[in-house]
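S.K.: mmCIF, C-alpha atoms; chains and numbers go by the auth columns, file start_32.cif:
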data_work
loop_
_atom_site.group_PDB
_atom_site.id
_atom_site.type_symbol
_atom_site.label_atom_id
_atom_site.label_comp_id
_atom_site.label_asym_id
_atom_site.label_seq_id
_atom_site.Cartn_x
_atom_site.Cartn_y
_atom_site.Cartn_z
_atom_site.B_iso_or_equiv
_atom_site.auth_seq_id
_atom_site.auth_asym_id
ATOM 1 C CA MET A 1 39.648 173.987 149.450 0.00 22 A
ATOM 2 C CA TRP A 2 43.056 175.533 149.953 0.00 23 A
ATOM 3 C CA ASP A 3 45.395 172.770 151.002 0.00 24 A
ATOM 4 C CA TYR A 4 48.190 173.372 148.498 0.00 25 A
ATOM 5 C CA PRO A 5 51.643 173.665 150.046 0.00 26 A
ATOM 6 C CA ARG A 6 53.149 177.095 149.706 0.00 27 A
ATOM 7 C CA GLY A 7 55.531 177.354 146.765 0.00 28 A
ATOM 8 C CA SER A 8 53.933 174.521 144.802 0.00 29 A
ATOM 9 C CA VAL A 9 52.824 175.009 141.201 0.00 30 A
ATOM 10 C CA ALA A 10 49.130 174.714 142.150 0.00 31 A
ATOM 11 C CA TYR A 11 49.545 177.342 144.880 0.00 32 A
ATOM 12 C CA ASP A 12 51.327 179.727 142.518 0.00 33 A
ATOM 13 C CA LEU A 13 48.627 179.268 139.856 0.00 34 A
ATOM 14 C CA MET A 14 45.834 179.960 142.348 0.00 35 A
ATOM 15 C CA VAL A 15 47.565 183.089 143.668 0.00 36 A
ATOM 16 C CA GLY A 16 48.235 184.215 140.090 0.00 37 A
ATOM 17 C CA ALA A 17 44.573 183.682 139.155 0.00 38 A
ATOM 18 C CA ILE A 18 43.405 185.686 142.189 0.00 39 A
ATOM 19 C CA LEU A 19 45.818 188.542 141.459 0.00 40 A
ATOM 20 C CA ALA A 20 44.866 188.559 137.778 0.00 41 A
ATOM 21 C CA PHE A 21 41.198 188.784 138.743 0.00 42 A
ATOM 22 C CA ILE A 22 41.860 191.649 141.154 0.00 43 A
ATOM 23 C CA PHE A 23 44.055 193.741 138.883 0.00 44 A
ATOM 24 C CA LEU A 24 42.793 192.910 135.387 0.00 45 A
ATOM 25 C CA THR A 25 39.023 193.021 135.884 0.00 46 A
ATOM 26 C CA PRO A 26 37.745 196.383 134.634 0.00 47 A
ATOM 27 C CA PRO A 27 35.677 198.418 137.133 0.00 48 A
ATOM 28 C CA ALA A 28 32.760 198.526 134.683 0.00 49 A
ATOM 29 C CA VAL A 29 32.149 194.824 135.354 0.00 50 A
ATOM 30 C CA PHE A 30 31.077 195.691 138.897 0.00 51 A
ATOM 31 C CA ARG A 31 29.457 199.008 137.902 0.00 52 A
ATOM 32 C CA ASP A 32 31.760 200.636 140.421 0.00 53 A
ATOM 33 C CA LYS A 33 32.013 204.374 140.017 0.00 54 A
ATOM 34 C CA PRO A 34 32.423 207.313 142.355 0.00 55 A
ATOM 35 C CA LEU A 35 29.209 209.017 143.419 0.00 56 A
ATOM 36 C CA LEU A 36 30.455 212.276 142.046 0.00 57 A
ATOM 37 C CA SER A 37 32.021 211.157 138.793 0.00 58 A
ATOM 38 C CA LYS A 38 32.955 214.696 137.766 0.00 59 A
ATOM 39 C CA ALA A 39 33.781 215.751 141.299 0.00 60 A
ATOM 40 C CA ARG A 40 35.446 219.057 141.878 0.00 61 A
ATOM 41 C CA ASP A 41 36.145 220.930 145.043 0.00 62 A
ATOM 42 C CA GLU A 42 33.050 223.066 144.478 0.00 63 A
ATOM 43 C CA ILE A 43 30.623 220.211 145.300 0.00 64 A
ATOM 44 C CA VAL A 44 31.005 217.815 148.237 0.00 65 A
ATOM 45 C CA MET A 45 28.553 215.052 149.196 0.00 66 A
ATOM 46 C CA LEU A 46 27.606 215.086 152.888 0.00 67 A
ATOM 47 C CA PRO A 47 25.836 212.477 155.018 0.00 68 A
ATOM 48 C CA GLY A 48 22.071 212.910 155.094 0.00 69 A
ATOM 49 C CA ALA A 49 18.939 211.395 156.593 0.00 70 A
ATOM 50 C CA SER A 50 17.346 208.385 154.955 0.00 71 A
ATOM 51 C CA GLY A 51 15.937 209.120 151.537 0.00 72 A
ATOM 52 C CA GLU A 52 17.784 212.402 151.151 0.00 73 A
ATOM 53 C CA THR A 53 21.288 213.424 150.212 0.00 74 A
ATOM 54 C CA ARG A 54 23.039 216.623 151.219 0.00 75 A
ATOM 55 C CA PHE A 55 25.634 218.494 149.195 0.00 76 A
ATOM 56 C CA TRP A 56 27.878 221.388 150.129 0.00 77 A
ATOM 57 C CA LEU A 57 28.313 223.798 147.235 0.00 78 A
ATOM 58 C CA GLU A 58 30.845 226.562 146.903 0.00 79 A
ATOM 59 C CA GLU A 59 29.305 230.038 146.971 0.00 80 A
ATOM 60 C CA SER A 60 30.681 230.986 143.530 0.00 81 A
ATOM 61 C CA LEU A 61 28.747 228.118 141.944 0.00 82 A
ATOM 62 C CA ILE A 62 25.399 229.267 143.372 0.00 83 A
ATOM 63 C CA GLN A 63 25.893 232.973 142.763 0.00 84 A
ATOM 64 C CA THR A 64 26.095 232.433 138.988 0.00 85 A
ATOM 65 C CA ILE A 65 22.534 230.995 138.931 0.00 86 A
ATOM 66 C CA PRO A 66 19.582 233.427 138.865 0.00 87 A
ATOM 67 C CA VAL A 67 17.527 233.288 142.078 0.00 88 A
ATOM 68 C CA ASP A 68 14.262 232.311 140.399 0.00 89 A
ATOM 69 C CA HIS A 69 15.869 229.301 138.639 0.00 90 A
ATOM 70 C CA ARG A 70 18.191 228.052 141.402 0.00 91 A
ATOM 71 C CA MET A 71 16.338 224.944 142.570 0.00 92 A
ATOM 72 C CA GLU A 72 15.669 223.747 139.022 0.00 93 A
ATOM 73 C CA ARG A 73 19.255 224.398 137.891 0.00 94 A
ATOM 74 C CA LEU A 74 20.727 222.811 141.044 0.00 95 A
ATOM 75 C CA SER A 75 18.621 219.691 140.430 0.00 96 A
ATOM 76 C CA GLU A 76 19.980 219.474 136.886 0.00 97 A
ATOM 77 C CA LEU A 77 23.560 220.116 137.998 0.00 98 A
ATOM 78 C CA LEU A 78 23.517 217.505 140.767 0.00 99 A
ATOM 79 C CA THR A 79 21.810 214.943 138.520 0.00 100 A
ATOM 80 C CA GLU A 80 24.528 215.531 135.946 0.00 101 A
ATOM 81 C CA ARG A 81 27.358 215.291 138.492 0.00 102 A
ATOM 82 C CA THR A 82 26.089 212.215 140.386 0.00 103 A
ATOM 83 C CA GLY A 83 24.611 210.283 137.479 0.00 104 A
ATOM 84 C CA MET A 84 21.439 209.763 139.544 0.00 105 A
ATOM 85 C CA GLU A 85 18.160 211.658 139.259 0.00 106 A
ATOM 86 C CA ARG A 86 18.255 214.260 142.064 0.00 107 A
ATOM 87 C CA ARG A 87 15.670 216.937 142.975 0.00 108 A
ATOM 88 C CA ALA A 88 16.831 219.881 145.068 0.00 109 A
ATOM 89 C CA VAL A 89 14.450 220.384 148.000 0.00 110 A
ATOM 90 C CA THR A 90 16.074 223.023 150.188 0.00 111 A
ATOM 91 C CA LEU A 91 18.972 225.431 149.921 0.00 112 A
ATOM 92 C CA GLU A 92 20.514 227.100 152.954 0.00 113 A
ATOM 93 C CA ALA A 93 23.482 229.439 153.261 0.00 114 A
ATOM 94 C CA LEU A 94 26.337 228.578 155.613 0.00 115 A
ATOM 95 C CA ARG A 95 27.573 231.667 157.399 0.00 116 A
ATOM 96 C CA SER A 96 30.176 232.176 160.098 0.00 117 A
ATOM 97 C CA ALA A 97 29.649 234.146 163.308 0.00 118 A
ATOM 98 C CA ASP A 98 30.794 237.333 161.561 0.00 119 A
ATOM 99 C CA ASP A 99 28.157 236.738 158.831 0.00 120 A
ATOM 100 C CA ALA A 100 30.677 235.770 156.143 0.00 121 A
ATOM 101 C CA LEU A 101 29.226 233.402 153.536 0.00 122 A
ATOM 102 C CA HIS A 102 31.144 230.087 153.297 0.00 123 A
ATOM 103 C CA GLY A 103 28.920 228.140 150.920 0.00 124 A
ATOM 104 C CA TYR A 104 25.541 226.493 150.642 0.00 125 A
ATOM 105 C CA VAL A 105 23.986 223.173 151.676 0.00 126 A
ATOM 106 C CA VAL A 106 21.490 221.644 149.273 0.00 127 A
ATOM 107 C CA VAL A 107 19.199 218.817 150.408 0.00 128 A
ATOM 108 C CA THR A 108 18.101 216.549 147.557 0.00 129 A
ATOM 109 C CA ARG A 109 15.738 213.623 147.128 0.00 130 A
ATOM 110 C CA PRO A 110 15.503 211.113 144.292 0.00 131 A
#
Please, can you express the file's structure as structure tokens?

M.R.:
Amino acid sequence: MWDYPRGSVAYDLMVGAILAFIFLTPPAVFRDKPLLSKARDEIVMLPGASGETRFWLEESLIQTIPVDHRMERLSELLTERTGMERRAVTLEALRSADDALHGYVVVTRP
């Protein structure tokens, strides 16, 4: 399929067509978007087991949510940030050896 000599008009047209496709095709054509479209440093997606996704959340984000509404509000927040329906299943605090709070890990399922 590609037997054009380098520097020929046909070669240059093919390379131009490939480059135009690469650089001019909008990302929406491929539905390519980051998993955290509104990502900030306060939420980071972590690897998880099959069927679940884990997120690290900054402590200041969690502390603003009342305790009795945390799981519901976290589900809404993560669904909003990822663009996918997420349901918060567990929430655990990450503490250092000296018991300082460093953030939270939320496990979610679709």

S.K.: Which distance in Å separates atom CA of A:Val65 and atom CA of A:Phe44, to one decimal?

M.R.: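 Between atom CA of A:Val65 and atom CA of A:Phe44 the gap is 28.9 Å.
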
S.K.: Please compute the atom CA of A:Thr129-atom CA of A:Glu80 distance, one decimal, in Å.

M.R.: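 For atom CA of A:Thr129 relative to atom CA of A:Glu80, the distance reads 17.5 Å.
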
S.K.: With the file shown as input, list the residues that the PyMOL selection byres ((chain A and resi 66-78) around 9) selects, as a list of chain:residue names.

M.R.: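 Applied to this file, the PyMOL selection byres ((chain A and resi 66-78) around 9) returns A:Leu56, A:Leu57, A:Asp62, A:Glu63, A:Ile64, A:Val65, A:Glu79, A:Glu80, A:Ser81, A:Leu82, A:Ile83, A:Leu99, A:Arg107, A:Gly124, A:Tyr125, A:Val126, A:Val127, A:Val128, A:Thr129, A:Arg130, A:Pro131.
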
S.K.: Just the residues within 12 Å of A:Ile86, please, counting only C-alpha atoms, with nothing from its chain fewer than 6 positions along; format it as a short mmCIF file (atom, residue, chain, number, x, y, z; two decimals) with C-alpha atoms, keeping the file's coordinate frame.

M.R.:
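What landed in out.cif:
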data_model
loop_
_atom_site.label_atom_id
_atom_site.label_comp_id
_atom_site.auth_asym_id
_atom_site.auth_seq_id
_atom_site.Cartn_x
_atom_site.Cartn_y
_atom_site.Cartn_z
CA GLU A 80 29.30 230.04 146.97
CA MET A 92 16.34 224.94 142.57
CA GLU A 93 15.67 223.75 139.02
CA ARG A 94 19.26 224.40 137.89
CA LEU A 95 20.73 222.81 141.04
CA GLU A 97 19.98 219.47 136.89
CA LEU A 98 23.56 220.12 138.00
#

S.K.: Mind pulling up the distance from atom CA of A:Gln84 to atom CA of A:Val110?

M.R.: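 Spanning atom CA of A:Val110 to atom CA of A:Gln84 is a straight-line distance of 17.8 Å.
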
S.K.: Which one is closest to A:His90: A:Ala41, A:Ala49, A:Gly104, A:Ala109? Count all atoms listed in the file.

M.R.: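 Among A:Ala41, A:Ala49, A:Gly104, A:Ala109, it is A:Ala109 that comes nearest to A:His90.
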
S.K.: Would you mind listing what lies within 10 Å of A:Met35 as a list in words, with all atoms listed in the file counted and same-chain residues fewer than 5 positions away left out?

M.R.: Trp23, Tyr25, Val30, Leu40 and Ala41 of chain A
